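Q: entry.cif (mmCIF, N, CA and C atoms) pasted underneath:
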data_entry
loop_
_atom_site.label_atom_id
_atom_site.label_comp_id
_atom_site.auth_asym_id
_atom_site.auth_seq_id
_atom_site.Cartn_x
_atom_site.Cartn_y
_atom_site.Cartn_z
N MET A 391 0.85 -1.16 0.00
CA MET A 391 0.00 0.00 0.00
C MET A 391 0.90 1.23 0.00
N GLY A 392 0.42 2.32 -0.47
CA GLY A 392 1.23 3.53 -0.58
C GLY A 392 1.00 4.48 0.57
N PHE A 393 1.34 4.10 1.75
CA PHE A 393 1.07 4.91 2.92
C PHE A 393 2.12 5.99 3.08
N SER A 394 1.70 7.09 3.63
CA SER A 394 2.64 8.17 3.90
C SER A 394 3.38 7.86 5.19
N PRO A 395 4.60 8.38 5.33
CA PRO A 395 5.34 8.13 6.56
C PRO A 395 4.64 8.69 7.79
N ARG A 396 3.86 9.76 7.62
CA ARG A 396 3.15 10.35 8.76
C ARG A 396 2.04 9.43 9.27
N ALA A 397 1.60 8.50 8.44
CA ALA A 397 0.50 7.62 8.83
C ALA A 397 0.96 6.46 9.70
N VAL A 398 2.26 6.29 9.84
CA VAL A 398 2.78 5.15 10.57
C VAL A 398 3.65 5.62 11.73
N ALA A 399 3.28 5.20 12.93
CA ALA A 399 4.12 5.51 14.08
C ALA A 399 5.45 4.80 13.90
N GLY A 400 6.53 5.50 14.16
CA GLY A 400 7.86 4.93 14.00
C GLY A 400 8.52 5.35 12.71
N ALA A 401 7.80 6.03 11.83
CA ALA A 401 8.41 6.50 10.59
C ALA A 401 9.24 7.74 10.89
N ASP A 402 10.42 7.80 10.35
CA ASP A 402 11.35 8.89 10.60
C ASP A 402 11.22 9.91 9.47
N GLN A 403 10.66 11.09 9.77
CA GLN A 403 10.46 12.11 8.75
C GLN A 403 11.77 12.51 8.08
N GLN A 404 12.87 12.51 8.80
CA GLN A 404 14.14 12.90 8.20
C GLN A 404 14.62 11.88 7.18
N GLY A 405 14.08 10.67 7.20
CA GLY A 405 14.49 9.63 6.27
C GLY A 405 13.61 9.53 5.04
N THR A 406 12.77 10.53 4.78
CA THR A 406 11.86 10.49 3.64
C THR A 406 12.51 11.11 2.41
N ILE A 407 12.41 10.41 1.29
CA ILE A 407 12.91 10.93 0.01
C ILE A 407 11.75 10.91 -0.97
N ASP A 408 11.48 12.05 -1.57
CA ASP A 408 10.40 12.18 -2.55
C ASP A 408 11.03 12.29 -3.93
N TYR A 409 10.48 11.56 -4.89
CA TYR A 409 11.07 11.50 -6.23
C TYR A 409 10.23 12.26 -7.27
N ARG A 410 9.48 13.28 -6.86
CA ARG A 410 8.63 14.03 -7.79
C ARG A 410 9.41 14.72 -8.90
N LEU A 411 10.57 15.28 -8.58
CA LEU A 411 11.35 15.97 -9.61
C LEU A 411 11.87 14.99 -10.65
N ALA A 412 12.36 13.84 -10.22
CA ALA A 412 12.84 12.82 -11.16
C ALA A 412 11.67 12.32 -12.02
N ARG A 413 10.52 12.14 -11.39
CA ARG A 413 9.32 11.70 -12.11
C ARG A 413 8.96 12.70 -13.20
N GLN A 414 8.93 13.98 -12.83
CA GLN A 414 8.56 15.01 -13.80
C GLN A 414 9.57 15.09 -14.94
N SER A 415 10.83 14.87 -14.66
CA SER A 415 11.86 14.87 -15.70
C SER A 415 11.61 13.75 -16.71
N VAL A 416 11.26 12.56 -16.23
CA VAL A 416 10.97 11.44 -17.13
C VAL A 416 9.73 11.74 -17.97
N ILE A 417 8.70 12.28 -17.34
CA ILE A 417 7.47 12.62 -18.07
C ILE A 417 7.76 13.66 -19.14
N ASP A 418 8.51 14.69 -18.79
CA ASP A 418 8.86 15.73 -19.76
C ASP A 418 9.67 15.16 -20.92
N SER A 419 10.62 14.28 -20.62
CA SER A 419 11.42 13.65 -21.68
C SER A 419 10.54 12.81 -22.61
N TYR A 420 9.58 12.11 -22.05
CA TYR A 420 8.66 11.32 -22.86
C TYR A 420 7.82 12.23 -23.76
N ARG A 421 7.27 13.28 -23.18
CA ARG A 421 6.41 14.18 -23.95
C ARG A 421 7.17 14.94 -25.04
N ARG A 422 8.46 15.15 -24.84
CA ARG A 422 9.28 15.82 -25.85
C ARG A 422 9.83 14.85 -26.90
N GLY A 423 9.53 13.56 -26.73
CA GLY A 423 9.97 12.57 -27.70
C GLY A 423 11.37 12.03 -27.47
N ARG A 424 11.97 12.35 -26.34
CA ARG A 424 13.31 11.85 -26.03
C ARG A 424 13.30 10.42 -25.51
N LEU A 425 12.18 10.00 -24.99
CA LEU A 425 11.99 8.62 -24.53
C LEU A 425 10.78 8.03 -25.23
N ALA A 426 10.91 6.78 -25.65
CA ALA A 426 9.79 6.07 -26.29
C ALA A 426 8.87 5.51 -25.21
N ARG A 427 7.65 5.22 -25.59
CA ARG A 427 6.68 4.69 -24.63
C ARG A 427 7.16 3.39 -24.01
N HIS A 428 7.78 2.51 -24.79
CA HIS A 428 8.25 1.24 -24.23
C HIS A 428 9.37 1.44 -23.21
N GLU A 429 10.00 2.60 -23.22
CA GLU A 429 11.06 2.89 -22.25
C GLU A 429 10.51 3.36 -20.90
N VAL A 430 9.31 3.89 -20.90
CA VAL A 430 8.72 4.37 -19.65
C VAL A 430 7.59 3.48 -19.14
N CYS A 431 7.04 2.65 -20.00
CA CYS A 431 5.96 1.74 -19.62
C CYS A 431 6.51 0.32 -19.57
N ASP A 432 7.37 0.07 -18.61
CA ASP A 432 8.15 -1.16 -18.58
C ASP A 432 8.10 -1.87 -17.22
N ALA A 433 6.95 -1.86 -16.59
CA ALA A 433 6.85 -2.47 -15.26
C ALA A 433 7.20 -3.96 -15.30
N HIS A 434 7.96 -4.39 -14.33
CA HIS A 434 8.34 -5.80 -14.18
C HIS A 434 7.08 -6.64 -13.94
N PRO A 435 7.08 -7.89 -14.41
CA PRO A 435 5.88 -8.74 -14.20
C PRO A 435 5.43 -8.86 -12.74
N GLU A 436 6.36 -8.92 -11.80
CA GLU A 436 5.96 -9.01 -10.38
C GLU A 436 5.33 -7.71 -9.90
N LEU A 437 5.84 -6.58 -10.39
CA LEU A 437 5.24 -5.30 -10.05
C LEU A 437 3.84 -5.20 -10.65
N ARG A 438 3.67 -5.71 -11.85
CA ARG A 438 2.35 -5.73 -12.48
C ARG A 438 1.36 -6.56 -11.66
N ARG A 439 1.83 -7.72 -11.21
CA ARG A 439 0.98 -8.59 -10.41
C ARG A 439 0.58 -7.89 -9.11
N ALA A 440 1.55 -7.27 -8.44
CA ALA A 440 1.26 -6.56 -7.19
C ALA A 440 0.30 -5.40 -7.44
N ALA A 441 0.48 -4.70 -8.57
CA ALA A 441 -0.40 -3.58 -8.90
C ALA A 441 -1.84 -4.06 -9.10
N ALA A 442 -1.99 -5.23 -9.67
CA ALA A 442 -3.33 -5.76 -9.93
C ALA A 442 -3.98 -6.33 -8.67
N GLU A 443 -3.17 -6.87 -7.75
CA GLU A 443 -3.72 -7.60 -6.61
C GLU A 443 -3.78 -6.83 -5.29
N VAL A 444 -2.74 -6.05 -4.96
CA VAL A 444 -2.66 -5.48 -3.61
C VAL A 444 -2.38 -3.99 -3.56
N ALA A 445 -2.49 -3.30 -4.66
CA ALA A 445 -2.14 -1.88 -4.70
C ALA A 445 -3.22 -1.00 -4.08
N GLU A 446 -2.78 0.18 -3.68
CA GLU A 446 -3.69 1.18 -3.15
C GLU A 446 -4.12 2.09 -4.30
N PRO A 447 -5.41 2.21 -4.55
CA PRO A 447 -5.86 3.08 -5.65
C PRO A 447 -5.63 4.55 -5.32
N THR A 448 -5.49 5.36 -6.36
CA THR A 448 -5.35 6.81 -6.20
C THR A 448 -6.30 7.50 -7.17
N LYS A 449 -6.37 8.80 -7.08
CA LYS A 449 -7.16 9.60 -8.01
C LYS A 449 -6.26 10.25 -9.05
N LEU A 450 -4.97 9.91 -9.03
CA LEU A 450 -3.99 10.49 -9.95
C LEU A 450 -4.06 9.78 -11.30
N VAL A 451 -4.34 10.54 -12.35
CA VAL A 451 -4.43 9.99 -13.70
C VAL A 451 -3.02 9.72 -14.22
N CYS A 452 -2.86 8.62 -14.94
CA CYS A 452 -1.56 8.25 -15.49
C CYS A 452 -1.03 9.37 -16.38
N PRO A 453 0.20 9.81 -16.16
CA PRO A 453 0.76 10.90 -16.96
C PRO A 453 1.17 10.47 -18.37
N ILE A 454 1.16 9.18 -18.65
CA ILE A 454 1.58 8.68 -19.96
C ILE A 454 0.37 8.39 -20.84
N CYS A 455 -0.53 7.52 -20.38
CA CYS A 455 -1.66 7.13 -21.24
C CYS A 455 -2.92 7.95 -20.97
N ALA A 456 -3.05 8.52 -19.79
CA ALA A 456 -4.22 9.31 -19.39
C ALA A 456 -5.52 8.50 -19.46
N ASP A 457 -5.42 7.17 -19.47
CA ASP A 457 -6.60 6.30 -19.55
C ASP A 457 -7.00 5.69 -18.22
N ALA A 458 -6.12 5.72 -17.25
CA ALA A 458 -6.40 5.05 -15.98
C ALA A 458 -5.79 5.83 -14.83
N HIS A 459 -6.22 5.50 -13.64
CA HIS A 459 -5.63 6.08 -12.44
C HIS A 459 -4.47 5.18 -12.01
N VAL A 460 -3.37 5.80 -11.58
CA VAL A 460 -2.25 5.00 -11.11
C VAL A 460 -2.59 4.43 -9.74
N VAL A 461 -1.90 3.37 -9.39
CA VAL A 461 -2.03 2.74 -8.08
C VAL A 461 -0.66 2.77 -7.41
N LEU A 462 -0.63 2.61 -6.11
CA LEU A 462 0.62 2.62 -5.35
C LEU A 462 0.89 1.24 -4.78
N VAL A 463 2.11 0.77 -4.99
CA VAL A 463 2.56 -0.51 -4.46
C VAL A 463 3.71 -0.23 -3.52
N SER A 464 3.69 -0.81 -2.33
CA SER A 464 4.75 -0.57 -1.34
C SER A 464 5.50 -1.86 -1.02
N TYR A 465 6.81 -1.69 -0.87
CA TYR A 465 7.69 -2.79 -0.50
C TYR A 465 8.51 -2.36 0.71
N VAL A 466 8.79 -3.30 1.61
CA VAL A 466 9.64 -3.05 2.77
C VAL A 466 10.88 -3.93 2.65
N PHE A 467 12.04 -3.33 2.94
CA PHE A 467 13.31 -4.04 2.95
C PHE A 467 13.94 -3.85 4.32
N GLY A 468 14.60 -4.89 4.80
CA GLY A 468 15.26 -4.77 6.10
C GLY A 468 15.74 -6.11 6.61
N PRO A 469 16.14 -6.12 7.89
CA PRO A 469 16.69 -7.34 8.49
C PRO A 469 15.70 -8.50 8.46
N ARG A 470 16.23 -9.67 8.20
CA ARG A 470 15.47 -10.92 8.18
C ARG A 470 14.34 -10.94 7.15
N LEU A 471 14.46 -10.12 6.12
CA LEU A 471 13.51 -10.15 5.00
C LEU A 471 14.24 -10.67 3.77
N PRO A 472 13.53 -11.22 2.81
CA PRO A 472 14.18 -11.69 1.59
C PRO A 472 14.87 -10.54 0.86
N ALA A 473 15.84 -10.85 0.03
CA ALA A 473 16.58 -9.82 -0.71
C ALA A 473 15.66 -8.97 -1.58
N HIS A 474 14.56 -9.55 -2.05
CA HIS A 474 13.63 -8.82 -2.89
C HIS A 474 12.61 -8.03 -2.08
N GLY A 475 12.74 -8.04 -0.76
CA GLY A 475 11.84 -7.29 0.11
C GLY A 475 10.52 -8.00 0.30
N ARG A 476 9.60 -7.26 0.88
CA ARG A 476 8.27 -7.80 1.15
C ARG A 476 7.23 -6.81 0.68
N CYS A 477 6.32 -7.26 -0.14
CA CYS A 477 5.24 -6.41 -0.63
C CYS A 477 4.23 -6.22 0.49
N ILE A 478 3.89 -4.98 0.77
CA ILE A 478 2.96 -4.67 1.84
C ILE A 478 1.54 -4.63 1.29
N THR A 479 0.64 -5.33 1.96
CA THR A 479 -0.72 -5.43 1.44
C THR A 479 -1.76 -4.67 2.26
N THR A 480 -1.43 -4.35 3.53
CA THR A 480 -2.40 -3.64 4.38
C THR A 480 -1.68 -2.65 5.29
N ARG A 481 -2.44 -1.71 5.80
CA ARG A 481 -1.89 -0.76 6.78
C ARG A 481 -1.44 -1.50 8.04
N LYS A 482 -2.18 -2.54 8.40
CA LYS A 482 -1.86 -3.32 9.59
C LYS A 482 -0.47 -3.96 9.45
N GLU A 483 -0.18 -4.45 8.27
CA GLU A 483 1.12 -5.06 8.01
C GLU A 483 2.26 -4.03 8.12
N LEU A 484 2.03 -2.84 7.59
CA LEU A 484 3.05 -1.79 7.69
C LEU A 484 3.23 -1.35 9.13
N ALA A 485 2.14 -1.27 9.88
CA ALA A 485 2.24 -0.91 11.30
C ALA A 485 3.03 -1.96 12.07
N ALA A 486 2.91 -3.22 11.68
CA ALA A 486 3.69 -4.29 12.34
C ALA A 486 5.18 -4.08 12.10
N PHE A 487 5.56 -3.67 10.90
CA PHE A 487 6.98 -3.38 10.63
C PHE A 487 7.45 -2.18 11.43
N ALA A 488 6.58 -1.19 11.62
CA ALA A 488 6.95 -0.02 12.43
C ALA A 488 7.20 -0.44 13.87
N ARG A 489 6.38 -1.36 14.39
CA ARG A 489 6.59 -1.85 15.76
C ARG A 489 7.91 -2.61 15.86
N LYS A 490 8.21 -3.43 14.86
CA LYS A 490 9.48 -4.16 14.85
C LYS A 490 10.66 -3.19 14.82
N ALA A 491 10.51 -2.11 14.07
CA ALA A 491 11.58 -1.12 13.96
C ALA A 491 11.81 -0.43 15.30
N ARG A 492 10.75 -0.18 16.05
CA ARG A 492 10.91 0.46 17.37
C ARG A 492 11.66 -0.45 18.34
N ARG A 493 11.55 -1.77 18.13
CA ARG A 493 12.26 -2.71 19.02
C ARG A 493 13.72 -2.90 18.60
N GLY A 494 14.08 -2.33 17.49
CA GLY A 494 15.47 -2.45 17.02
C GLY A 494 15.50 -2.82 15.55
N GLY A 495 16.37 -2.19 14.82
CA GLY A 495 16.46 -2.45 13.39
C GLY A 495 15.83 -1.33 12.59
N THR A 496 16.18 -1.28 11.36
CA THR A 496 15.64 -0.26 10.47
C THR A 496 15.07 -0.93 9.23
N PHE A 497 13.88 -0.52 8.86
CA PHE A 497 13.25 -1.00 7.65
C PHE A 497 13.06 0.19 6.72
N THR A 498 13.21 -0.05 5.44
CA THR A 498 13.00 1.00 4.44
C THR A 498 11.79 0.63 3.60
N CYS A 499 10.88 1.58 3.43
CA CYS A 499 9.69 1.37 2.64
C CYS A 499 9.83 2.12 1.31
N TYR A 500 9.58 1.41 0.22
CA TYR A 500 9.60 1.99 -1.13
C TYR A 500 8.18 1.99 -1.67
N VAL A 501 7.71 3.14 -2.13
CA VAL A 501 6.37 3.27 -2.68
C VAL A 501 6.51 3.54 -4.18
N VAL A 502 5.93 2.65 -4.99
CA VAL A 502 6.04 2.73 -6.44
C VAL A 502 4.68 3.04 -7.06
N GLU A 503 4.67 4.01 -7.97
CA GLU A 503 3.46 4.38 -8.70
C GLU A 503 3.40 3.53 -9.97
N VAL A 504 2.25 2.90 -10.23
CA VAL A 504 2.10 2.01 -11.39
C VAL A 504 0.77 2.28 -12.08
N CYS A 505 0.79 2.32 -13.42
CA CYS A 505 -0.45 2.42 -14.18
C CYS A 505 -0.87 1.01 -14.59
N PRO A 506 -2.06 0.56 -14.21
CA PRO A 506 -2.49 -0.79 -14.55
C PRO A 506 -2.87 -0.96 -16.03
N GLU A 507 -2.91 0.11 -16.79
CA GLU A 507 -3.25 0.03 -18.21
C GLU A 507 -2.01 -0.02 -19.10
N CYS A 508 -1.12 0.97 -18.96
CA CYS A 508 0.04 1.05 -19.86
C CYS A 508 1.34 0.56 -19.20
N TRP A 509 1.31 0.31 -17.89
CA TRP A 509 2.45 -0.19 -17.11
C TRP A 509 3.54 0.85 -16.89
N TRP A 510 3.16 2.14 -16.93
CA TRP A 510 4.06 3.20 -16.47
C TRP A 510 4.37 2.90 -15.01
N ASN A 511 5.59 3.12 -14.60
CA ASN A 511 5.94 2.94 -13.19
C ASN A 511 7.08 3.85 -12.84
N HIS A 512 7.04 4.35 -11.62
CA HIS A 512 8.10 5.23 -11.15
C HIS A 512 8.13 5.18 -9.62
N LEU A 513 9.32 5.19 -9.07
CA LEU A 513 9.47 5.25 -7.62
C LEU A 513 8.94 6.59 -7.14
N ALA A 514 7.94 6.56 -6.27
CA ALA A 514 7.32 7.79 -5.79
C ALA A 514 8.06 8.36 -4.58
N ARG A 515 8.36 7.48 -3.60
CA ARG A 515 9.06 7.95 -2.40
C ARG A 515 9.61 6.77 -1.63
N THR A 516 10.55 7.05 -0.76
CA THR A 516 11.05 6.06 0.19
C THR A 516 11.03 6.72 1.57
N PHE A 517 10.85 5.90 2.58
CA PHE A 517 10.95 6.41 3.94
C PHE A 517 11.41 5.31 4.86
N LEU A 518 11.96 5.74 6.00
CA LEU A 518 12.49 4.81 6.99
C LEU A 518 11.46 4.52 8.07
N LEU A 519 11.45 3.28 8.51
CA LEU A 519 10.72 2.87 9.70
C LEU A 519 11.79 2.55 10.72
N GLY A 520 11.78 3.24 11.83
CA GLY A 520 12.84 3.04 12.81
C GLY A 520 13.92 4.09 12.60
N SER A 521 15.00 3.96 13.32
CA SER A 521 16.08 4.94 13.18
C SER A 521 17.32 4.27 12.62
N PRO A 522 18.07 4.98 11.77
CA PRO A 522 19.26 4.40 11.18
C PRO A 522 20.28 4.04 12.25
N ALA A 523 21.03 2.99 11.95
CA ALA A 523 22.05 2.52 12.92
C ALA A 523 23.21 3.49 13.01
#
Rewrite the structure from the file as structure tokens, please.
A:
Amino acid sequence: MGFSPRAVAGADQQGTIDYRLARQSVIDSYRRGRLARHEVCDAHPELRRAAAEVAEPTKLVCPICADAHVVLVSYVFGPRLPAHGRCITTRKELAAFARKARRGGTFTCYVVEVCPECWWNHLARTFLLGSPA
């Protein structure tokens, strides 16, 4: 789910990175013809599956196809998790990681914007759960 760091106790505001400027640069390059559609609409099959099954809907219209609303998919990476991280499916699950982080350890949450129609995808933001070591 694409939760904001403020929505989760234990999220460190200083550890938040927003990728809006990078996103806008890619969109501008696409609209100017510097990037082809297949270069920006290239979501990995697992990201596509997560977008279809467990994503958080938004009211944001896809900046590439303008045919659908993008969805947000969140992944958590940290100690004792697989190298590919863990896809977060509910707020309750993210809150559980925040509790684990308060007991020790740091988890990083990545929120990815995905269009379920054209497969545009871009990293929206990252934030920390817990405090860095």
Q: Name the residues within 8 Å of (8.0, -1.9, -0.7), counting all atoms listed in the file in the file's coordinates, and put them as an NGL selection string.
A: :A and (391 or 463-467 or 474-478 or 498-502)
Q: Considering all atoms listed in the file, give me a table of residues in segment 399-493 of chain A that are at most 7 Å from segment 506-521 of chain A, with the closest atom pair and distance in Å for each, as a tab-separated table.
A:
residue	atom	partner	partner_atom	distance
A:Ala399	C	A:Gly520	N	6.8
A:Gly400	C	A:Gly520	N	4.0
A:Ala401	CA	A:Leu519	CA	4.4
A:Asp402	N	A:Leu518	C	4.1
A:Gln403	N	A:Leu518	N	6.7
A:Gln404	C	A:Leu518	N	6.8
A:Gly405	C	A:Leu518	N	4.2
A:Thr406	CA	A:Phe517	CA	4.2
A:Ile407	N	A:Thr516	C	3.9
A:Asp408	CA	A:Arg515	CA	4.4
A:Tyr409	N	A:Ala514	C	4.0
A:Arg410	N	A:Ala514	C	5.6
A:Arg413	CA	A:His512	CA	6.7
A:Val430	C	A:Trp510	CA	4.4
A:Cys431	CA	A:Trp509	C	3.8
A:Asp432	N	A:Trp509	C	4.3
A:Ala433	N	A:Trp509	C	4.4
A:Ala441	C	A:Pro506	CA	6.4
A:Ala442	N	A:Pro506	CA	6.6
A:Ile454	CA	A:Trp510	CA	7.0
A:Cys455	CA	A:Cys508	CA	6.5
A:Asp457	C	A:Glu507	CA	6.8
A:Ala458	CA	A:Glu507	N	6.1
A:His459	C	A:Pro506	N	5.7
A:Val460	CA	A:Pro506	N	5.4
A:Val461	N	A:Pro506	N	5.6
A:Phe487	C	A:Leu519	CA	6.3
A:Ala488	CA	A:Leu519	CA	5.5
A:Lys490	C	A:Gly520	CA	6.9
A:Ala491	C	A:Gly520	CA	4.4
A:Arg492	N	A:Gly520	CA	5.0
Q: Would you mind telling me which residue in A:Arg493, A:Gly423, A:Arg438, A:Glu503 lies nearest to Leu462 of chain A when using only N, CA and C atoms?
A: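 Under the stated criterion, the closest residue is A:Glu503.
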Q: Around all listed atoms of segment 469-487 of chain A, padded 4 Å per side, what centre and edge lengths does the axis-aligned box have in Å to one decimal, as lines of an AutoDock Vina configuration file?
A:
center_x = 7.1
center_y = -6.2
center_z = 4.7
size_x = 27.1
size_y = 18.9
size_z = 23.2
Q: Expressed in Å to a single decimal, how great is the separation between atom CA of Lys449 of chain A and atom N of Phe497 of chain A?
A: 28.8 Å
Q: Could you tell me, as number ranges by chain, which residues of segment 393-491 of chain A DSSP assigns to strand (DSSP E or B) when given the backbone?
A: A: 401-408, 446-451, 459-467, 476-478
Q: So how many Å separate atom CA of Lys482 of chain A and atom CA of Val444 of chain A, to one decimal?
A: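 Atom-to-atom, atom CA of Lys482 of chain A and atom CA of Val444 of chain A are spaced 13.4 Å apart.
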Q: Could you check the closest approach to Arg481 of chain A for each of A:Ala426, A:Ala412, A:Leu437, A:Ala445 and tell me which residue wins, using only C-alpha atoms?
A: A:Ala445
Q: Counting only N, CA and C atoms, which residue out of A:Thr496, A:Cys505, A:Glu436, A:Thr479 sits closest to Pro453 of chain A?
A: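 Under the stated criterion, the closest residue is A:Cys505.
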Q: Give me segment 473-485 of chain A from this structure - C-alpha atoms, as a PDB file, in the first residue's frame.
A:
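Saved to out.pdb:
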ATOM      1  CA  ALA A 473      16.582  -9.819  -0.707  1.00  0.00           C
ATOM      2  CA  HIS A 474      13.626  -8.819  -2.893  1.00  0.00           C
ATOM      3  CA  GLY A 475      11.842  -7.294   0.107  1.00  0.00           C
ATOM      4  CA  ARG A 476       8.269  -7.804   1.153  1.00  0.00           C
ATOM      5  CA  CYS A 477       5.244  -6.409  -0.632  1.00  0.00           C
ATOM      6  CA  ILE A 478       2.956  -4.665   1.843  1.00  0.00           C
ATOM      7  CA  THR A 479      -0.720  -5.429   1.443  1.00  0.00           C
ATOM      8  CA  THR A 480      -2.396  -3.642   4.377  1.00  0.00           C
ATOM      9  CA  ARG A 481      -1.891  -0.761   6.779  1.00  0.00           C
ATOM     10  CA  LYS A 482      -1.858  -3.316   9.589  1.00  0.00           C
ATOM     11  CA  GLU A 483       1.124  -5.061   8.012  1.00  0.00           C
ATOM     12  CA  LEU A 484       3.046  -1.786   7.686  1.00  0.00           C
ATOM     13  CA  ALA A 485       2.237  -0.912  11.299  1.00  0.00           C
TER      14      ALA A 485
END
